[in-house]
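Pasting model_15.cif here (mmCIF, C-alpha atoms):
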data_structure
#
loop_
_atom_site.label_atom_id
_atom_site.label_comp_id
_atom_site.auth_asym_id
_atom_site.auth_seq_id
_atom_site.Cartn_x
_atom_site.Cartn_y
_atom_site.Cartn_z
CA MET A 1 0.00 0.00 0.00
CA LYS A 2 2.72 2.43 -1.01
CA PHE A 3 0.19 5.12 -1.87
CA LEU A 4 -0.58 5.65 1.83
CA LEU A 5 3.04 6.25 2.82
CA LYS A 6 4.85 9.54 2.99
CA TYR A 7 8.37 9.55 1.60
CA SER A 8 11.07 8.82 4.17
CA SER A 9 14.74 9.49 3.59
CA ASN A 10 15.58 6.52 5.77
CA SER A 11 15.09 3.41 3.64
CA ARG A 12 15.00 1.10 6.69
CA VAL A 13 12.10 3.03 8.17
CA PHE A 14 10.36 3.17 4.79
CA GLY A 15 10.75 -0.62 4.48
CA ILE A 16 9.29 -1.24 7.93
CA LEU A 17 6.32 0.99 7.22
CA GLN A 18 5.81 -0.35 3.69
CA ASN A 19 5.78 -3.96 4.88
CA ASN A 20 3.63 -3.31 7.96
CA MET A 21 0.63 -1.36 6.82
CA GLY A 22 -3.00 -2.28 6.63
CA VAL A 23 -6.44 -0.78 6.31
CA SER A 24 -9.36 -0.66 8.66
CA SER A 25 -12.89 -1.81 8.31
CA CYS A 26 -14.06 0.33 11.19
CA ARG A 27 -12.70 3.85 10.62
CA LYS A 28 -13.99 6.59 8.37
CA SER A 29 -12.32 6.89 4.99
CA VAL A 30 -9.65 9.51 4.42
CA CYS A 31 -9.33 10.44 0.73
CA GLY A 32 -11.07 7.17 -0.13
CA PHE A 33 -8.77 5.01 2.00
CA ARG A 34 -9.30 3.77 5.51
CA ALA A 35 -6.82 5.04 8.08
CA LEU A 36 -6.17 2.15 10.47
CA CYS A 37 -5.91 -1.61 10.22
CA THR A 38 -7.76 -4.09 12.37
CA ALA A 39 -4.68 -6.19 13.20
CA LYS A 40 -3.83 -6.63 16.85
CA ASP A 41 -0.17 -5.74 16.26
CA LEU A 42 -0.02 -1.97 16.79
CA SER A 43 3.11 -1.64 14.65
CA ILE A 44 1.12 -2.33 11.49
CA LYS A 45 -1.50 0.30 12.20
CA LYS A 46 -1.29 3.84 10.85
CA CYS A 47 -1.74 6.98 12.93
CA VAL A 48 -4.81 8.99 12.03
CA PRO A 49 -5.04 12.79 11.99
CA CYS A 50 -5.98 14.15 15.40
CA ASN A 51 -7.93 17.17 14.22
CA SER A 52 -11.34 15.73 15.04
CA LYS A 53 -13.37 17.73 17.54
CA ASP A 54 -14.70 14.42 18.89
CA LEU A 55 -11.24 13.03 19.71
CA GLN A 56 -10.86 12.53 23.46
CA PRO A 57 -7.94 11.23 25.55
CA MET A 58 -8.31 7.59 26.53
CA THR A 59 -9.04 6.55 30.06
CA GLU A 60 -6.34 5.25 32.37
CA GLN A 61 -7.94 1.79 32.15
CA ALA A 62 -7.81 1.79 28.34
CA ALA A 63 -4.17 2.93 28.47
CA SER A 64 -3.37 0.21 31.01
CA ASP A 65 -4.83 -2.37 28.65
CA LEU A 66 -2.72 -1.16 25.70
CA ILE A 67 0.58 -0.65 27.56
CA THR A 68 1.14 -4.42 27.52
CA LYS A 69 1.41 -4.23 23.71
CA VAL A 70 4.39 -1.84 23.74
CA ASP A 71 7.25 -3.55 25.52
CA GLY A 72 9.48 -1.33 27.63
CA TRP A 73 7.21 1.70 27.61
CA ASN A 74 5.78 3.11 30.84
CA LEU A 75 2.62 5.05 31.59
CA VAL A 76 3.44 8.26 33.42
CA SER A 77 1.16 10.97 34.67
CA GLU A 78 2.17 14.59 34.16
CA GLY A 79 -0.40 16.73 35.90
CA ASP A 80 -3.73 15.38 34.71
CA ALA A 81 -2.36 13.93 31.45
CA LEU A 82 -1.08 10.42 30.79
CA ARG A 83 2.01 9.93 28.62
CA LEU A 84 4.11 7.07 27.32
CA LYS A 85 7.78 7.16 28.25
CA LYS A 86 10.81 5.03 27.41
CA SER A 87 14.54 5.53 27.97
CA TRP A 88 17.70 4.09 26.47
CA LYS A 89 21.43 4.45 27.09
CA VAL A 90 23.33 5.01 23.87
CA LYS A 91 27.02 4.36 23.14
CA THR A 92 27.92 7.98 22.44
CA PHE A 93 26.38 11.41 22.11
CA THR A 94 26.33 11.12 18.32
CA LYS A 95 24.65 7.69 18.57
CA GLY A 96 21.91 9.46 20.54
CA LEU A 97 21.46 11.88 17.65
CA GLU A 98 21.32 8.93 15.23
CA LEU A 99 18.59 7.38 17.37
CA PHE A 100 16.70 10.67 17.23
CA LYS A 101 16.93 10.57 13.42
CA LEU A 102 15.52 7.02 13.27
CA ILE A 103 12.65 7.99 15.56
CA ALA A 104 12.08 11.27 13.69
CA ASP A 105 11.73 9.45 10.37
CA VAL A 106 9.04 7.15 11.79
CA ALA A 107 7.29 10.04 13.54
CA GLU A 108 7.26 12.14 10.37
CA ALA A 109 5.88 9.25 8.31
CA GLU A 110 3.10 8.83 10.88
CA GLY A 111 2.42 12.54 11.29
CA HIS A 112 2.68 12.05 15.05
CA HIS A 113 5.61 13.63 16.86
CA PRO A 114 7.06 12.67 20.26
CA ASP A 115 9.17 14.72 22.62
CA LEU A 116 12.82 13.66 22.37
CA HIS A 117 15.30 14.23 25.20
CA LEU A 118 19.08 13.70 25.19
CA VAL A 119 20.31 14.27 28.73
CA GLY A 120 23.96 14.06 29.61
CA TRP A 121 25.90 12.52 26.78
CA ASN A 122 24.13 9.16 26.50
CA ASN A 123 20.66 9.15 28.07
CA VAL A 124 17.82 9.23 25.55
CA THR A 125 14.21 9.50 26.65
CA VAL A 126 11.14 9.63 24.43
CA GLU A 127 7.75 10.85 25.63
CA ILE A 128 4.64 10.37 23.55
CA TRP A 129 1.14 11.76 23.97
CA THR A 130 -1.39 13.42 21.74
CA HIS A 131 -0.88 17.10 22.34
CA ALA A 132 -4.16 17.99 20.60
CA VAL A 133 -6.19 16.21 23.30
CA GLY A 134 -3.82 16.61 26.23
CA GLY A 135 -3.52 12.86 26.82
CA LEU A 136 -3.14 9.47 25.20
CA THR A 137 -4.85 8.13 22.10
CA GLU A 138 -4.29 4.94 20.10
CA ASN A 139 -1.89 6.95 17.89
CA ASP A 140 0.56 7.14 20.78
CA PHE A 141 0.66 3.37 21.19
CA ILE A 142 1.00 2.90 17.42
CA LEU A 143 4.02 5.22 17.35
CA ALA A 144 5.55 3.47 20.39
CA ALA A 145 5.16 0.09 18.67
CA LYS A 146 6.79 1.41 15.50
CA ILE A 147 9.69 2.83 17.53
CA ASN A 148 10.08 -0.59 19.18
CA ALA A 149 10.31 -2.16 15.70
CA LEU A 150 13.34 -0.04 14.76
CA ASN A 151 16.75 -1.68 14.54
CA MET A 152 18.65 0.38 17.10
CA GLN A 153 20.88 -2.19 18.79
CA HIS A 154 23.99 -0.81 17.07
CA LEU A 155 23.35 2.52 18.83
CA LEU A 156 22.76 1.21 22.36
CA ARG A 157 25.21 0.37 25.11
CA ARG A 158 25.52 -3.38 25.67
CA ASN A 159 24.50 -3.14 29.31
CA ALA A 160 21.62 -0.80 28.55
CA THR A 161 18.40 -1.32 30.42
CA ASN A 162 15.23 -0.10 28.81
#
Using the file provided, produce a representation of the structure as C-alpha cells.
Amino acid sequence: MKFLLKYSSNSRVFGILQNNMGVSSCRKSVCGFRALCTAKDLSIKKCVPCNSKDLQPMTEQAASDLITKVDGWNLVSEGDALRLKKSWKVKTFTKGLELFKLIADVAEAEGHHPDLHLVGWNNVTVEIWTHAVGGLTENDFILAAKINALNMQHLLRRNATN
C-alpha cells in the first residue's frame, strides 16, 4: 500500500512501514482510504489525523490495557495527562542523535511527533502523547510500537536497560 506512505529518507524506516501497513474496516475513509488496520499488532497500524473535535484522551484503564502491547514503555502521569515514556542508554552522544533521526523518520511518516530528550551525553528518553487532546490516544501506542520495531541495537550500550 505504497500510496498511503509519505516519503522517508531513511530506507530502513520506509521498508518497515511499507511492509507493515493495513487498512481498517471500522474507521472513516480519508481520501477514499481507511486510516487504520484491524490487526492486533499496533506496529502495522497507521496513525490517524488528530484534528477531530470528537477526539478525546483515553481513560487510564484503556491505556493500562494497551501498555502491555508496547514492551518497555511506561505510563506516566504529568499533571492530569497520561504519557508514554521510554529511555535508552546510547554508546555515544552522536549515537543518541542517530537514534533521534531514526525515531524522527518514523514520527514524520506517521504525522505524530514525540518529545525527544538527550540528557547528559548518552541518556535518551522519548515521551509520547497526543498534544491535541492533552492525553493518550491509540496513535501514541501505534508510534511506540513502531519505535520498538526499529533496529537500534547498534546505537545502544551493551549493558543498557530499557
Output check: residues returned by the PyMOL selection byres ((chain A and resi 72) around 8), as a VMD selection string
chain A and resid 70 to 71 73 to 74 86 162
Translate the PyMOL selection byres ((chain A and resi 116) around 8), as applied to the file shown, into an explicit residue set as a ChimeraX atom specification.
/A:100,114-115,117-118,124-127
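CA of Lys95 (chain A) lies 12.8 Å from CA of Gly120 (chain A).
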Go ahead and compute the interatomic distance for CA of Leu42 (chain A) and CA of Val119 (chain A), in Å to one decimal.
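We find that CA of Leu42 (chain A) and CA of Val119 (chain A) lie 28.6 Å from each other.
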Target residues per the PyMOL selection byres ((chain A and resi 68) around 12), formatted as a PyMOL selection string
chain A and resi 40-42+61-67+69-75+84+141+144-145
What's around region 134-137 of chain A at 10 Å? Count all atoms listed in the file, leave out sequence neighbours fewer than 3 positions away in its own chain, and write the answer as JSON, numbers by chain.
{"A": [47, 50, 55, 56, 57, 58, 59, 60, 62, 63, 75, 77, 78, 80, 81, 82, 83, 84, 128, 129, 130, 131, 140, 141, 142]}
Rounded to one decimal place, report the CA of Asn122 (chain A)-CA of Leu143 (chain A) distance in Å.
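Result for CA of Asn122 (chain A) versus CA of Leu143 (chain A): 22.4 Å, one decimal.
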